[in-house]
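Worksheet for the structure shown next.
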Amino acid sequence: MNPLDGVKNYQVFYGHPTDAILKDMQNYDLVIIEPLHYTKAQIDLIQSRGTKVLGYISVMEVATWNTGLMSKLQAGDFFTRNGQRVHYPEWDSYLTNIASTHFQGLLLTEIQNQVIAKGIDGVFMDTVGDIDNEHLNNPTVLKQQRDGLVNFLKQARAKYGDIAMVQNWGFDTLETSTAPYVDGIMWESFNADTIKSDAWSQNMIKKLQAVDTKHSVKTLTISTRQSAESHKLAKDAGFIHFHEADEYVNWNAGLVTRTTTIAPALSTPTSTATSTESTVKPAETAPKTETAKPAETVAKTETAKPAETVTTTETAKPAETVAKTETAKPAETVAKTETAKPAETVTKTEAVAKPTTTPVKATTPAQTTSSSAPKVADEKKVTSKKDEKKKKHVKKKAVKAKKYAHVTKQDAPKGKMCGKAKQQTAAFFKFFKL
């Protein structure tokens with residue numbers, strides 16, 4: 001059984017939680033968080049009404065601000081090309097060598113300390129897409145890295161049981177290597193204006209549906225524009241969708257409302273090799289102290305509820321052509337109001353949105369092991385975005401400054417997953433157009 005079965009909505013949030021945020025998280029089927037910022041008691045509260053929680057780690061990159069983890073890395077834990085480490089200036093992070101057994105051990109320890117010990121239901125593995133982006137032209141290295149990732153996943157399964165495991169991007173790697181070991185894959189930049197007209201995307205939808213049929217691997221999608229259209233496109237494909245308007249920095253409050261008690265989930269994992277599905281506790285309430293931020297309505301298809309009015313404040317982003325990865329764009333707010341009907345997904349123009357997936361790191365007590373900056377490894381090249389890249393760069397700098405202003409170097413936030421544009425290879429396109 002896939003631990004993501006029954007999940008119809010989710011949200012990604014990497015910041016520090018407040019009482020109001022913890023309470024609102026109980027309305028979702030799934031939330032993806034930065035585990036460093038949470039105590040076990042807070043995780044228990046989120047899960048008290050059946051919400052599943054995934055904790056973020058980065059498996060293919062380590063950021064320099066994460067001094068605790070960096071200090072434990074050995075020379076062989078870094079991937080080198082022509083004798084040089086591969087560095088990503090935008091994120092000040094380094095490409096790792098997942099084939100290194102030492103590095104695999106560090107990641108397993110991080111899962112133990114930040115996921116299992118806190119009763120979190122599973123792991124969201126960012127930067128998996130780096131394998132395809134960086135090594136597709138070198139079959140020998142590509143196989144080594146994929147084999148290393150599979151070995152890591154097998155060890156995690158052996159140690160921690162049936163925890164939920166979701167990878168970000170790496171579609172080729174999923175199909176060839178990881179599908180038997182993961183429960184889900186995230187597809188960021190799932191924007192209707194691009195997806196509907198792009199042959200690669202249409203072919204990929206079919207491939208992911210086939211992988212789900214064979215291995216029960218759910219697809220989680222995230223859009224940054226055209227929320228209603230993107231949500232409908234994802235729903236029609238059988239995917240779980242979230243519309244992200246705030247670069248994963250701010251919690252999008254009030255997007256969904258749970259009005260019925262959720263059936264108990266699986267038992268809470270211990271710190272040994274047992275399942276991490278937590279036991280659902282009686283409903284608890286947390287005092288709401290925060291003013292809801294601008295949000296968009298999340299299309300909820302869970303249980304039929306009485307007609308209710310949902311007010312949506314949606315952040316529209318400038319039209320963009322998706323290259324391999326996306327960065328948040330300057331936002332314009334568009335207010336819309338519509339009525340959500342029982343047991344159906346709202347698909348009106350630019351109205352309904354689902355929670356997205358990309359944790360934004362906030363500060364936490366100094367931790368020694370964490371994952372590196374979240375970002376999207378967007379695996380395809382669309383039309384030219386030269387002019388837009390300048391705007392993205394300026395926006396990204398502003399966002400990063402805002403995120404890092406209040407944190408120490410040790411605890412600096414990871415940033416937004418949809419950040420780094422990566423060069424796709426012709427071989428990559430050739431593979432997926434087969």
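Letters for chains follow the order of the structure tokens (A, B, ...), residue numbers begin at 1 for each chain, and ligand numbers begin at 1 in the order shown.
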task: Give me every alpha helix (DSSP H) residue in region 32-199 of chain A, going by DSSP on the backbone, as a VMD selection string.
output: chain A and resid 40 to 47 67 to 70 101 to 111 130 to 135 139 to 160 171 to 173 192 to 195 199
Pull the closest atom pair for each residue of region 7-101 of chain A that gets at most 12 Å from region 217-232 of chain A, along with the distance in Å to one decimal, counting only C-alpha atoms, ordering rows by chain and then ascending residue number, as JSON lines.
{"residue": "A:Val7", "atom": "CA", "partner": "A:Lys218", "partner_atom": "CA", "distance": 9.5}
{"residue": "A:Lys8", "atom": "CA", "partner": "A:Leu220", "partner_atom": "CA", "distance": 9.8}
{"residue": "A:Asn9", "atom": "CA", "partner": "A:Leu220", "partner_atom": "CA", "distance": 9.3}
{"residue": "A:Tyr10", "atom": "CA", "partner": "A:Leu220", "partner_atom": "CA", "distance": 8.8}
{"residue": "A:Gln11", "atom": "CA", "partner": "A:Ile222", "partner_atom": "CA", "distance": 9.5}
{"residue": "A:Val12", "atom": "CA", "partner": "A:Ile222", "partner_atom": "CA", "distance": 9.7}
{"residue": "A:Leu30", "atom": "CA", "partner": "A:Leu220", "partner_atom": "CA", "distance": 10.8}
{"residue": "A:Val31", "atom": "CA", "partner": "A:Leu220", "partner_atom": "CA", "distance": 11.7}
{"residue": "A:Ile32", "atom": "CA", "partner": "A:Leu220", "partner_atom": "CA", "distance": 11.4}
- request: Excluding Phe152 (chain A) and residues on its chain fewer than 6 positions from it, collect all residues at most 9 Å away from it, counting only C-alpha atoms, and give them as an NGL selection string.
  value: :A and (98-99 or 101 or 104-105 or 107-108)
Resulting file, chosen residues, N, CA, C and O atoms, as a CSV table (one decimal), in the first residue's frame:
chain,number,residue,atom,x,y,z
A,98,ILE,N,26.5,10.5,-4.7
A,98,ILE,CA,25.6,9.6,-4.0
A,98,ILE,C,26.1,8.2,-4.1
A,98,ILE,O,25.7,7.3,-3.3
A,99,ALA,N,27.1,7.9,-4.9
A,99,ALA,CA,27.7,6.6,-4.9
A,99,ALA,C,28.7,6.4,-3.8
A,99,ALA,O,29.1,5.2,-3.5
A,101,THR,N,29.6,5.6,-0.2
A,101,THR,CA,28.9,4.9,0.9
A,101,THR,C,29.0,5.8,2.2
A,101,THR,O,28.1,5.7,3.0
A,104,GLN,N,26.2,8.3,1.8
A,104,GLN,CA,24.9,7.6,2.0
A,104,GLN,C,24.6,7.5,3.5
A,104,GLN,O,23.5,7.7,4.0
A,105,GLY,N,25.7,7.1,4.3
A,105,GLY,CA,25.6,7.0,5.7
A,105,GLY,C,25.2,8.3,6.4
A,105,GLY,O,24.4,8.3,7.3
A,107,LEU,N,23.4,10.7,5.1
A,107,LEU,CA,22.0,11.0,4.8
A,107,LEU,C,21.1,10.1,5.6
A,107,LEU,O,20.0,10.5,6.1
A,108,LEU,N,21.5,8.8,5.8
A,108,LEU,CA,20.7,7.9,6.7
A,108,LEU,C,20.6,8.4,8.1
A,108,LEU,O,19.6,8.4,8.8
field: Best match for closeness to Leu69 (chain A) among A:Gln167, A:Thr51, A:Ser93, A:Thr39, counting only C-alpha atoms
entry: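 Using only C-alpha atoms, the shortest distance to Leu69 (chain A) belongs to A:Ser93.
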message: Using DSSP assignments from the backbone, pull out every residue in region 38-103 of chain A that falls under strand (DSSP E) and give it to me as a count of residues only.
response: 19
- prompt: Counting only C-alpha atoms, what is within 7 Å of Asp126 (chain A), bar same-chain residues fewer than 3 positions away, as a ChimeraX atom specification?
  reply: /A:57-59,167-168,374
query: With only C-alpha atoms as the atoms that count, which of A:Phe78, A:Trp251, A:Trp187, A:Tyr88 lies nearest to Ala20 (chain A)?
result: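 Of the candidates, the smallest distance to Ala20 (chain A) is held by A:Trp251.
What separates CA of Gly55 (chain A) from CA of Lys23 (chain A) is a distance of 18.0 Å.
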task: Find the residues near Gln114 (chain A): any atom within 10 Å, counting only C-alpha atoms, skip ones fewer than 4 places away on the same chain, and give them as a list in words.
output: Glu34, Pro35, Leu36, His37, Tyr38, Thr39, Lys40, Gly55, Tyr56, Ile57, Thr109, Glu110, Lys118, Gly119, Ile120, Val123, Gln367, Thr369 and Ser370 of chain A
- prompt: Pick from A:Phe13, A:Leu136, A:Thr194, A:Thr18: nearest to Asp246 (chain A), with only C-alpha atoms counted?
  reply: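 Closest residue, counting only C-alpha atoms: A:Phe13.
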